[in-house]
Each structure stands twice: as C-alpha cells, then as structure tokens.
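To keep things clear, I will list the structure first and then write my remarks on it.
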Amino acid sequence: MTGAPSLAACLRSLRAVVFDTDGVITDSAGLHAAAWKEAFDPCLAAAGDRRPFDPVEEYLRLVDGRSRQDGAAAFLASRGLDLPLGDPDDGPGTDTVRAVAARKDELFTARLREGGVAVWPGTVRLLHALRDARMPCAAASASRHATELLSAAGLLPLLTAVVDGREAGRLGLPGKPDPALFLEAARRLGVRPGDAAVVEDALAGVEAGRRGGFGLVVGVHRSPGADGAAALRRRGADVVVTDPGELLTCGEG
C-alpha cells in the first residue's frame, strides 16, 4: 500500500532548503506581472514606444526575482528609457525609476487586497514533508510583501526563517542575481550553502543560487514548452521541475 510521501533522492543528502516565494510558494507572479504592466505602459506611451510591456517574456527575463527598483531599472533600460533614479520617497508616477517602482507597489497592493493570493499545493506538500523530515526551510524573496503573503496563507509555522525585501533593505543586501538574499537565509538556518538547496522559478534567482555555491539549485518552470526549462538550466539549475511537489516520491508502506 502507498505510504506517506518521502523526499526525492536529490534532497536527502542536504540539511536545509531555501524557497523563493513568488511563483514557488505563492501563486502571485501573475499579480506582480499585471501590476508591472500597468506601471510601465504609461512610461512607454509617453516616450512614443508603441510596444506595451510583455507580462510574460519581459517579466520573466527582466523583472522576475529582482527588487522593485532593480526590475524597473532593468526594463526601462532595455527599452532605452533613461529615467533618473529619483529619491527614495518618490511617490507613484512615471518620472523616475523609483516613482515607477512605487506605482507598481501601489497597484500590486491594491490587487492583493481585492483578491488575496493562492498558494501552490505541491509546494505546500513539500514543506510539510520537509518539516516531517526535520529539515529546516526558509523563504527568501525580493518582495517586501513576502512575509505578509506567507502569514495570510498560514505557512509561517512551516518556515524557520523568512528573508523578505524589507529585511534585505534593512541589511543593505544587493538583489538577485547576487546571492546575498539566499546566503542570509542559509545563515539564519545555520547551514553552509553547500549543504542547502535553493528552489527558484526566476532566471535571476537560479543564477543567484548557483553563484552562492548551493548544493542543489532547483528551477521551477510551470509553463508549457522547453525554452524556459532550458534557460533555467543555462543559468545554473541542476534540476528543473514543473512543480516543487515533484521533489516528493510516494513511500511504500
């Protein structure tokens, strides 16, 4: 008869797992992409660029996994829009990089309050299995909303540590693809990076896991087609899954 799920072989030699949040634990990547589109398109229109922001390809390539400021700067630069950085207290708008980032945050927060956010069931199953195996887990995210989302989903008890965008700002940690966010999560778990796995869906995040020297880098590619999976492998993913629940096997009882 079938017993409780057990960890896949690639995880068993490790001591901890660090999860990205958006797109890996929470199903919030679509909310982020839609908010970015609504923030970017007026900038493009004002500059005479008739091509709207692509919430799939450009989001994944330029914005996903980065801090708001870094994501805004990367996309605007890719379209040749040389906006000034602006001041940290810039309000939502289109005149500076920080104003565009603030507009995105305003839009995302409104969408979040309207409809909340779902979680990925496969990842939740994996988190429970890791807890049963006494393997500590952390969530790491460039988003300042990560702790709020995880708390609303009731998942904080499954996590030993959370390093979100607010913590990254407080500590002055650079954004992905720099590995600092993941390294801080591993430090809080009390393990060396080589003894931990990173589970990440963003190209920048996979690259950060590889640059950080983590023992296993798992890329998550939920969309159909092989191109995205290949891109994750090129950035350093050891394993690519369509859902983190694939890192579980059915035990025999």
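Just so we're on the same page: first chain in the structure tokens is A, next is B, and so on; residues restart at 1 for each chain, and ligands are numbered from 1 in the order they show up.
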
Which of range 1-226 of chain A DSSP labels strand (DSSP E), written as a VMD selection string: chain A and resid 2 to 7 16 to 20 137 to 140 161 to 163 196 to 200 216 to 220

Could you pull out the alpha helix (DSSP H) residues of range 27-114 of chain A from DSSP and send them as a VMD selection string? chain A and resid 29 to 46 57 to 58 68 to 78 97 to 114

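Residues in contact with Ala129 in chain A at up to 9 Å, not including ones fewer than 2 positions away on its chain and judged by only C-alpha atoms, are Ala4, Pro5, Ser6, Leu7, Val124, Arg125, Leu126, Leu127, Arg131, Asp132, Ala133, Arg134, Met135 and Leu248 of chain A.
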
Env of Leu31 in chain A: 9 Å cut, atoms = only C-alpha atoms, seq-sep filter 5 positions within chain, self excluded. Answer as a ChimeraX atom specification. /A:36,108,111-112,117

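By chain and then residue number, the residues within 7 Å of Leu232 in chain A are Leu203, Val206, Gly219 and Ala237 of chain A, counting only C-alpha atoms and disregarding those fewer than 5 positions away in sequence.
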
Please produce an output containing all heavy atoms for each residue in the selection, written as a PDB file, in the first residue's frame.
```pdb
ATOM      1  N   LEU A 203      14.945  33.403 -13.474  1.00  0.00           N
ATOM      2  CA  LEU A 203      16.296  33.227 -14.014  1.00  0.00           C
ATOM      3  C   LEU A 203      17.332  33.876 -13.097  1.00  0.00           C
ATOM      4  O   LEU A 203      18.380  33.286 -12.818  1.00  0.00           O
ATOM      5  CB  LEU A 203      16.382  33.839 -15.416  1.00  0.00           C
ATOM      6  CG  LEU A 203      15.530  33.171 -16.498  1.00  0.00           C
ATOM      7  CD1 LEU A 203      15.604  33.978 -17.788  1.00  0.00           C
ATOM      8  CD2 LEU A 203      15.974  31.741 -16.737  1.00  0.00           C
ATOM      9  N   VAL A 206      17.799  31.647  -9.986  1.00  0.00           N
ATOM     10  CA  VAL A 206      18.587  30.442 -10.254  1.00  0.00           C
ATOM     11  C   VAL A 206      20.072  30.793 -10.354  1.00  0.00           C
ATOM     12  O   VAL A 206      20.931  30.103  -9.790  1.00  0.00           O
ATOM     13  CB  VAL A 206      18.084  29.755 -11.542  1.00  0.00           C
ATOM     14  CG1 VAL A 206      19.089  28.728 -12.052  1.00  0.00           C
ATOM     15  CG2 VAL A 206      16.740  29.078 -11.283  1.00  0.00           C
ATOM     16  N   GLY A 219      15.246  24.541 -10.445  1.00  0.00           N
ATOM     17  CA  GLY A 219      14.481  25.512 -11.212  1.00  0.00           C
ATOM     18  C   GLY A 219      13.046  25.055 -11.348  1.00  0.00           C
ATOM     19  O   GLY A 219      12.790  23.866 -11.564  1.00  0.00           O
ATOM     20  N   ALA A 237      20.545  25.791 -13.058  1.00  0.00           N
ATOM     21  CA  ALA A 237      19.689  24.827 -12.375  1.00  0.00           C
ATOM     22  C   ALA A 237      20.227  23.409 -12.566  1.00  0.00           C
ATOM     23  O   ALA A 237      20.535  22.998 -13.680  1.00  0.00           O
ATOM     24  CB  ALA A 237      18.259  24.919 -12.903  1.00  0.00           C
TER      25      ALA A 237
END
```

So that I can check the surroundings of Asp22 in chain A, please list as an MDAnalysis selection string every protein, DNA and RNA residue that reaches within 9 Å of it, counting only C-alpha atoms and ignoring chain neighbours fewer than 4 positions away. chainID A and resid 26:29 32 64:65 141 143 146 200:201

For Ala33 in chain A, the nearest of the candidates A:Cys10, A:Lys104, A:Gly80, A:Ala73, counting only C-alpha atoms: A:Lys104

All residues 12 Å or closer to range 55-57 of chain A, only C-alpha atoms, same chain fewer than 4 positions away omitted, as a ChimeraX atom specification: /A:29-41,51,61-64,75,202-203,223,227-228

With the cut-off set at 8 Å and counting only C-alpha atoms, tabulate each residue of range 7-81 of chain A with an atom at most that distance from an atom of range 187-197 of chain A, showing the nearest atom pair and its distance in Å to one decimal, ordered by chain and increasing number, as CSV.
```
residue,atom,partner,partner_atom,distance
A:Leu11,CA,A:Ala197,CA,7.5
A:Ser13,CA,A:Asp195,CA,7.9
A:Leu14,CA,A:Asp195,CA,5.0
A:Arg15,CA,A:Asp195,CA,5.6
A:Ala16,CA,A:Ala196,CA,4.7
A:Val17,CA,A:Ala197,CA,4.7
A:Val18,CA,A:Ala197,CA,6.0
```

Give me a file of those residues, with C-alpha atoms, as an mmCIF file, in the first residue's frame.
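Done, and the output landed in again_30.cif:
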```cif
data_model
loop_
_atom_site.group_PDB
_atom_site.id
_atom_site.type_symbol
_atom_site.label_atom_id
_atom_site.label_comp_id
_atom_site.auth_asym_id
_atom_site.auth_seq_id
_atom_site.Cartn_x
_atom_site.Cartn_y
_atom_site.Cartn_z
ATOM 1 C CA LEU A 11 17.264 16.288 -1.328
ATOM 2 C CA SER A 13 21.853 14.410 1.479
ATOM 3 C CA LEU A 14 21.099 18.060 2.240
ATOM 4 C CA ARG A 15 20.385 19.758 5.559
ATOM 5 C CA ALA A 16 18.064 22.641 4.599
ATOM 6 C CA VAL A 17 16.015 24.160 1.774
ATOM 7 C CA VAL A 18 15.608 27.816 0.814
#
```

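The two atoms in question, CA of Val163 in chain A and CA of Gly116 in chain A, are spaced 21.0 Å apart.
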